[in-house]
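Data block for model_33.pdb (PDB, N, CA and C atoms):
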```
ATOM      1  N   MET H   1     106.445 146.015 112.543
ATOM      2  CA  MET H   1     106.916 144.710 112.974
ATOM      3  C   MET H   1     107.987 144.175 112.019
ATOM      4  N   MET H   2     107.832 144.492 110.724
ATOM      5  CA  MET H   2     108.819 144.016 109.758
ATOM      6  C   MET H   2     110.174 144.688 109.981
ATOM      7  N   ILE H   3     110.158 145.967 110.305
ATOM      8  CA  ILE H   3     111.407 146.677 110.578
ATOM      9  C   ILE H   3     112.065 146.108 111.827
ATOM     10  N   TYR H   4     111.257 145.813 112.837
ATOM     11  CA  TYR H   4     111.782 145.225 114.071
ATOM     12  C   TYR H   4     112.403 143.860 113.793
ATOM     13  N   ALA H   5     111.696 143.029 113.044
ATOM     14  CA  ALA H   5     112.195 141.683 112.735
ATOM     15  C   ALA H   5     113.460 141.740 111.887
ATOM     16  N   ALA H   6     113.484 142.624 110.896
ATOM     17  CA  ALA H   6     114.666 142.744 110.044
ATOM     18  C   ALA H   6     115.871 143.241 110.842
ATOM     19  N   SER H   7     115.643 144.208 111.706
ATOM     20  CA  SER H   7     116.728 144.720 112.544
ATOM     21  C   SER H   7     117.251 143.641 113.480
ATOM     22  N   LEU H   8     116.347 142.884 114.045
ATOM     23  CA  LEU H   8     116.749 141.809 114.951
ATOM     24  C   LEU H   8     117.567 140.746 114.230
ATOM     25  N   LEU H   9     117.176 140.417 113.021
ATOM     26  CA  LEU H   9     117.929 139.427 112.245
ATOM     27  C   LEU H   9     119.321 139.928 111.892
ATOM     28  N   ILE H  10     119.417 141.204 111.544
ATOM     29  CA  ILE H  10     120.721 141.742 111.148
ATOM     30  C   ILE H  10     121.660 141.819 112.342
ATOM     31  N   ILE H  11     121.178 142.310 113.476
ATOM     32  CA  ILE H  11     122.101 142.435 114.611
ATOM     33  C   ILE H  11     122.372 141.093 115.280
ATOM     34  N   SER H  12     121.561 140.092 114.996
ATOM     35  CA  SER H  12     121.841 138.775 115.572
ATOM     36  C   SER H  12     123.052 138.110 114.914
ATOM     37  N   LEU H  13     123.584 138.707 113.850
ATOM     38  CA  LEU H  13     124.801 138.189 113.227
ATOM     39  C   LEU H  13     126.015 138.337 114.143
ATOM     40  N   ASP H  14     125.900 139.180 115.166
ATOM     41  CA  ASP H  14     127.007 139.385 116.109
ATOM     42  C   ASP H  14     127.108 138.289 117.159
ATOM     43  N   ASN H  15     126.204 137.334 117.170
ATOM     44  CA  ASN H  15     126.218 136.175 118.067
ATOM     45  C   ASN H  15     126.133 136.522 119.549
ATOM     46  N   PHE H  16     125.338 137.524 119.893
ATOM     47  CA  PHE H  16     125.022 137.777 121.291
ATOM     48  C   PHE H  16     123.744 137.035 121.623
ATOM     49  N   ASP H  17     123.418 136.954 122.908
ATOM     50  CA  ASP H  17     122.213 136.218 123.289
ATOM     51  C   ASP H  17     120.957 136.938 122.824
ATOM     52  N   PHE H  18     119.860 136.190 122.767
ATOM     53  CA  PHE H  18     118.604 136.707 122.225
ATOM     54  C   PHE H  18     118.082 137.891 123.038
ATOM     55  N   THR H  19     118.205 137.821 124.352
ATOM     56  CA  THR H  19     117.691 138.901 125.199
ATOM     57  C   THR H  19     118.421 140.204 124.926
ATOM     58  N   THR H  20     119.714 140.139 124.765
ATOM     59  CA  THR H  20     120.491 141.345 124.465
ATOM     60  C   THR H  20     120.070 141.936 123.126
ATOM     61  N   ASN H  21     119.989 141.108 122.107
ATOM     62  CA  ASN H  21     119.610 141.598 120.778
ATOM     63  C   ASN H  21     118.179 142.114 120.754
ATOM     64  N   PHE H  22     117.278 141.381 121.369
ATOM     65  CA  PHE H  22     115.863 141.758 121.367
ATOM     66  C   PHE H  22     115.661 143.102 122.053
ATOM     67  N   THR H  23     116.282 143.265 123.214
ATOM     68  CA  THR H  23     116.090 144.514 123.943
ATOM     69  C   THR H  23     116.905 145.661 123.360
ATOM     70  N   ALA H  24     117.994 145.372 122.651
ATOM     71  CA  ALA H  24     118.744 146.435 121.978
ATOM     72  C   ALA H  24     117.894 147.060 120.877
ATOM     73  N   VAL H  25     117.239 146.235 120.094
ATOM     74  CA  VAL H  25     116.364 146.760 119.042
ATOM     75  C   VAL H  25     115.161 147.463 119.660
ATOM     76  N   ALA H  26     114.581 146.896 120.708
ATOM     77  CA  ALA H  26     113.432 147.528 121.367
ATOM     78  C   ALA H  26     113.820 148.875 121.955
ATOM     79  N   ALA H  27     114.994 148.953 122.577
ATOM     80  CA  ALA H  27     115.428 150.201 123.197
ATOM     81  C   ALA H  27     115.680 151.291 122.168
ATOM     82  N   THR H  28     116.240 150.927 121.021
ATOM     83  CA  THR H  28     116.546 151.946 120.024
ATOM     84  C   THR H  28     115.329 152.321 119.192
ATOM     85  N   LEU H  29     114.527 151.364 118.805
ATOM     86  CA  LEU H  29     113.360 151.661 117.971
ATOM     87  C   LEU H  29     112.288 152.416 118.748
ATOM     88  N   ASN H  30     112.140 152.112 120.025
ATOM     89  CA  ASN H  30     111.115 152.759 120.831
ATOM     90  C   ASN H  30     111.643 153.904 121.680
ATOM     91  N   ASN H  31     112.954 154.139 121.643
ATOM     92  CA  ASN H  31     113.579 155.207 122.435
ATOM     93  C   ASN H  31     113.187 155.120 123.900
ATOM     94  N   ILE H  32     113.385 153.937 124.493
ATOM     95  CA  ILE H  32     112.960 153.724 125.877
ATOM     96  C   ILE H  32     114.117 153.673 126.864
ATOM     97  N   GLY H  33     115.327 153.875 126.400
ATOM     98  CA  GLY H  33     116.462 153.837 127.314
ATOM     99  C   GLY H  33     117.212 152.530 127.225
ATOM    100  N   PRO H  34     117.757 152.056 128.338
ATOM    101  CA  PRO H  34     118.589 150.849 128.292
ATOM    102  C   PRO H  34     117.777 149.578 128.080
ATOM    103  N   GLY H  35     118.454 148.563 127.584
ATOM    104  CA  GLY H  35     117.835 147.256 127.411
ATOM    105  C   GLY H  35     118.183 146.344 128.559
ATOM    106  N   LEU H  36     118.416 145.087 128.248
ATOM    107  CA  LEU H  36     118.777 144.100 129.266
ATOM    108  C   LEU H  36     120.106 143.448 128.903
ATOM    109  N   ASN H  37     120.687 142.777 129.846
ATOM    110  CA  ASN H  37     121.971 142.080 129.710
ATOM    111  C   ASN H  37     123.091 143.033 129.304
ATOM    112  N   MET H  38     123.711 142.831 128.150
ATOM    113  CA  MET H  38     124.857 143.644 127.737
ATOM    114  C   MET H  38     124.508 145.101 127.487
ATOM    115  N   VAL H  39     123.297 145.395 127.065
ATOM    116  CA  VAL H  39     122.901 146.778 126.780
ATOM    117  C   VAL H  39     122.041 147.342 127.909
ATOM    118  N   GLY H  40     122.196 146.764 129.087
ATOM    119  CA  GLY H  40     121.438 147.192 130.249
ATOM    120  C   GLY H  40     121.969 148.487 130.842
ATOM    121  N   PRO H  41     121.481 148.856 132.017
ATOM    122  CA  PRO H  41     121.889 150.113 132.656
ATOM    123  C   PRO H  41     123.393 150.199 132.935
ATOM    124  N   ALA H  42     124.036 149.076 133.162
ATOM    125  CA  ALA H  42     125.471 149.083 133.433
ATOM    126  C   ALA H  42     126.289 148.751 132.190
ATOM    127  N   GLY H  43     125.651 148.553 131.043
ATOM    128  CA  GLY H  43     126.352 148.190 129.814
ATOM    129  C   GLY H  43     126.192 149.257 128.747
ATOM    130  N   ASN H  44     126.680 148.930 127.548
ATOM    131  CA  ASN H  44     126.537 149.847 126.416
ATOM    132  C   ASN H  44     126.555 149.041 125.115
ATOM    133  N   PHE H  45     126.520 149.754 124.006
ATOM    134  CA  PHE H  45     126.422 149.125 122.690
ATOM    135  C   PHE H  45     127.788 148.981 122.019
ATOM    136  N   SER H  46     128.867 149.167 122.735
ATOM    137  CA  SER H  46     130.200 149.197 122.130
ATOM    138  C   SER H  46     130.648 147.846 121.582
ATOM    139  N   GLU H  47     130.107 146.756 122.056
ATOM    140  CA  GLU H  47     130.527 145.425 121.592
ATOM    141  C   GLU H  47     129.933 145.048 120.236
ATOM    142  N   TYR H  48     128.933 145.779 119.780
ATOM    143  CA  TYR H  48     128.308 145.475 118.493
ATOM    144  C   TYR H  48     129.223 145.903 117.349
ATOM    145  N   SER H  49     129.069 145.237 116.208
ATOM    146  CA  SER H  49     129.855 145.576 115.024
ATOM    147  C   SER H  49     129.350 146.879 114.415
ATOM    148  N   VAL H  50     130.076 147.388 113.441
ATOM    149  CA  VAL H  50     129.701 148.636 112.782
ATOM    150  C   VAL H  50     128.361 148.486 112.066
ATOM    151  N   LEU H  51     128.146 147.353 111.408
ATOM    152  CA  LEU H  51     126.874 147.121 110.720
ATOM    153  C   LEU H  51     125.710 147.147 111.706
ATOM    154  N   SER H  52     125.873 146.496 112.827
ATOM    155  CA  SER H  52     124.811 146.485 113.827
ATOM    156  C   SER H  52     124.563 147.878 114.390
ATOM    157  N   LYS H  53     125.626 148.636 114.582
ATOM    158  CA  LYS H  53     125.452 150.000 115.077
ATOM    159  C   LYS H  53     124.722 150.869 114.073
ATOM    160  N   VAL H  54     125.000 150.687 112.788
ATOM    161  CA  VAL H  54     124.298 151.449 111.751
ATOM    162  C   VAL H  54     122.816 151.081 111.751
ATOM    163  N   VAL H  55     122.510 149.803 111.894
ATOM    164  CA  VAL H  55     121.107 149.363 111.958
ATOM    165  C   VAL H  55     120.425 149.948 113.184
ATOM    166  N   LEU H  56     121.103 149.949 114.316
ATOM    167  CA  LEU H  56     120.518 150.500 115.533
ATOM    168  C   LEU H  56     120.358 152.017 115.447
ATOM    169  N   ILE H  57     121.274 152.704 114.766
ATOM    170  CA  ILE H  57     121.129 154.141 114.545
ATOM    171  C   ILE H  57     119.909 154.411 113.664
ATOM    172  N   ALA H  58     119.732 153.605 112.613
ATOM    173  CA  ALA H  58     118.552 153.752 111.755
ATOM    174  C   ALA H  58     117.273 153.497 112.549
ATOM    175  N   ASP H  59     117.319 152.521 113.450
ATOM    176  CA  ASP H  59     116.158 152.259 114.303
ATOM    177  C   ASP H  59     115.857 153.452 115.207
ATOM    178  N   MET H  60     116.902 154.088 115.716
ATOM    179  CA  MET H  60     116.691 155.271 116.548
ATOM    180  C   MET H  60     116.028 156.384 115.759
ATOM    181  N   LEU H  61     116.490 156.595 114.528
ATOM    182  CA  LEU H  61     115.880 157.639 113.698
ATOM    183  C   LEU H  61     114.440 157.299 113.351
ATOM    184  N   LEU H  62     114.198 156.043 113.012
ATOM    185  CA  LEU H  62     112.829 155.631 112.696
ATOM    186  C   LEU H  62     111.915 155.771 113.905
ATOM    187  N   GLY H  63     112.425 155.465 115.066
ATOM    188  CA  GLY H  63     111.617 155.572 116.271
ATOM    189  C   GLY H  63     111.402 156.998 116.704
ATOM    190  N   ARG H  64     112.395 157.834 116.539
ATOM    191  CA  ARG H  64     112.297 159.224 116.984
ATOM    192  C   ARG H  64     111.470 160.063 116.033
ATOM    193  N   LEU H  65     111.685 159.895 114.760
ATOM    194  CA  LEU H  65     110.999 160.704 113.765
ATOM    195  C   LEU H  65     109.683 160.090 113.313
ATOM    196  N   GLU H  66     109.376 158.933 113.831
ATOM    197  CA  GLU H  66     108.214 158.150 113.427
ATOM    198  C   GLU H  66     108.458 157.561 112.036
ATOM    199  N   ILE H  67     107.907 156.428 111.805
ATOM    200  CA  ILE H  67     108.172 155.678 110.585
ATOM    201  C   ILE H  67     107.435 156.265 109.384
ATOM    202  N   PHE H  68     106.193 156.686 109.573
ATOM    203  CA  PHE H  68     105.393 157.141 108.436
ATOM    204  C   PHE H  68     105.935 158.400 107.759
ATOM    205  N   PRO H  69     106.374 159.437 108.474
ATOM    206  CA  PRO H  69     106.965 160.579 107.763
ATOM    207  C   PRO H  69     108.200 160.210 106.959
ATOM    208  N   LEU H  70     109.015 159.287 107.475
ATOM    209  CA  LEU H  70     110.191 158.869 106.707
ATOM    210  C   LEU H  70     109.805 158.074 105.468
ATOM    211  N   LEU H  71     108.779 157.253 105.581
ATOM    212  CA  LEU H  71     108.319 156.508 104.402
ATOM    213  C   LEU H  71     107.734 157.457 103.366
ATOM    214  N   VAL H  72     106.991 158.465 103.793
ATOM    215  CA  VAL H  72     106.423 159.449 102.873
ATOM    216  C   VAL H  72     107.539 160.245 102.205
ATOM    217  N   LEU H  73     108.588 160.562 102.962
ATOM    218  CA  LEU H  73     109.713 161.293 102.400
ATOM    219  C   LEU H  73     110.398 160.508 101.289
ATOM    220  N   MET H  74     110.401 159.198 101.377
ATOM    221  CA  MET H  74     111.084 158.368 100.393
ATOM    222  C   MET H  74     110.216 158.019  99.173
ATOM    223  N   LEU H  75     108.978 158.446  99.156
ATOM    224  CA  LEU H  75     108.131 158.176  98.000
ATOM    225  C   LEU H  75     108.629 158.930  96.774
ATOM    226  N   PRO H  76     108.739 158.275  95.625
ATOM    227  CA  PRO H  76     109.220 158.954  94.418
ATOM    228  C   PRO H  76     108.312 160.111  93.979
ATOM    229  N   SER H  77     107.030 160.030  94.263
ATOM    230  CA  SER H  77     106.124 161.100  93.845
ATOM    231  C   SER H  77     106.419 162.417  94.552
ATOM    232  N   ASN H  78     107.007 162.375  95.718
ATOM    233  CA  ASN H  78     107.379 163.606  96.427
ATOM    234  C   ASN H  78     108.578 164.285  95.797
ATOM    235  N   TRP H  79     109.420 163.546  95.135
ATOM    236  CA  TRP H  79     110.633 164.093  94.552
ATOM    237  C   TRP H  79     110.487 164.413  93.060
ATOM    238  N   LYS H  80     109.350 164.060  92.476
ATOM    239  CA  LYS H  80     109.162 164.239  91.038
ATOM    240  C   LYS H  80     109.268 165.704  90.629
ATOM    241  N   GLY H  81     108.604 166.589  91.337
ATOM    242  CA  GLY H  81     108.633 168.017  90.974
ATOM    243  C   GLY H  81     109.916 168.709  91.375
ATOM    244  N   PHE H  82     110.656 168.154  92.285
ATOM    245  CA  PHE H  82     111.883 168.797  92.772
ATOM    246  C   PHE H  82     112.967 168.818  91.707
ATOM    247  N   PHE H  83     113.074 167.770  90.914
ATOM    248  CA  PHE H  83     114.126 167.668  89.921
ATOM    249  C   PHE H  83     113.696 168.147  88.530
ATOM    250  N   ARG H  84     112.482 168.578  88.413
ATOM    251  CA  ARG H  84     111.986 169.053  87.120
ATOM    252  C   ARG H  84     112.589 170.418  86.832
ATOM    253  N   ARG H  85     113.004 170.632  85.588
ATOM    254  CA  ARG H  85     113.574 171.921  85.196
ATOM    255  C   ARG H  85     112.478 172.963  85.100
ATOM    256  N   ARG H  86     112.809 174.131  85.546
ATOM    257  CA  ARG H  86     111.848 175.228  85.448
ATOM    258  C   ARG H  86     112.288 176.158  84.315
ATOM    259  N   THR H  87     111.362 176.477  83.469
ATOM    260  CA  THR H  87     111.641 177.442  82.386
ATOM    261  C   THR H  87     110.821 178.678  82.655
ATOM    262  N   VAL H  88     111.452 179.813  82.511
ATOM    263  CA  VAL H  88     110.763 181.064  82.816
ATOM    264  C   VAL H  88     110.406 181.774  81.547
TER     265      VAL H  88
END
```

Whole structure given in structure tokens:
Amino acid sequence: MMIYAASLLIISLDNFDFTTNFTAVAATLNNIGPGLNMVGPAGNFSEYSVLSKVVLIADMLLGRLEIFPLLVLMLPSNWKGFFRRRTV
């Protein structure tokens, strides 16, 4: 819910109506297809700014790959052994 709310706040900087922004985030985070109004079946995401598109792309990745594996991937404990020097 926090990711959804943060994404909605960021893309609302483009000053589109609430329904367009709400369904744009829902469509990308849940991978459900088109949203409503501007991002509906007859529309697209081209009117959004670059920042909003980057946020929506991140939402697509989070929704497609699931959030928990990405959060686990970003844990510092997973990368601790990767950068350690090996001596033979």

Between atom C of Phe68 (chain H) and atom N of Gly33 (chain H) lies a distance of 21.4 Å

Suppose you want the space between CA of Val39 (chain H) and CA of Ile67 (chain H); what is it in Å?
23.6 Å

Expected selection from the PyMOL selection byres ((chain H and resi 64) around 7), given as a list in words:
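With the PyMOL selection byres ((chain H and resi 64) around 7) on this model, the match is Thr28, Leu29, Asn30, Asn31, Asp59, Met60, Leu61, Leu62, Gly63, Leu65, Glu66 and Ile67 of chain H.
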
List the neighbours of Tyr4 (chain H) out to 8 Å using all atoms listed in the file; skip same-chain residues closer than 6 positions along the sequence, and give me the result as a list in words.
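Within the cut-off, the hits are Ile10, Val25, Ala26 and Leu29 of chain H.
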
As a check of understanding: the span from atom C of Asp17 (chain H) to CA of Phe45 (chain H) is 13.4 Å

For the file shown, what are the residues hit by the PyMOL selection byres (((chain H and resi 16 and name CA) around 12) and name CA), laid out as a list of chain:residue names?
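After applying the PyMOL selection byres (((chain H and resi 16 and name CA) around 12) and name CA), what remains is H:Leu8, H:Leu9, H:Ile10, H:Ile11, H:Ser12, H:Leu13, H:Asp14, H:Asn15, H:Asp17, H:Phe18, H:Thr19, H:Thr20, H:Asn21, H:Phe22, H:Thr23, H:Ala24, H:Leu36, H:Asn37, H:Met38, H:Val39, H:Phe45, H:Glu47, H:Tyr48, H:Ser49, H:Ser52.
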
Give me, as a VMD selection string, the residues of chain H that a backbone DSSP run labels alpha helix (DSSP H).
chain H and resid 2 to 11 18 to 30 50 to 65 67 to 73 76 to 79
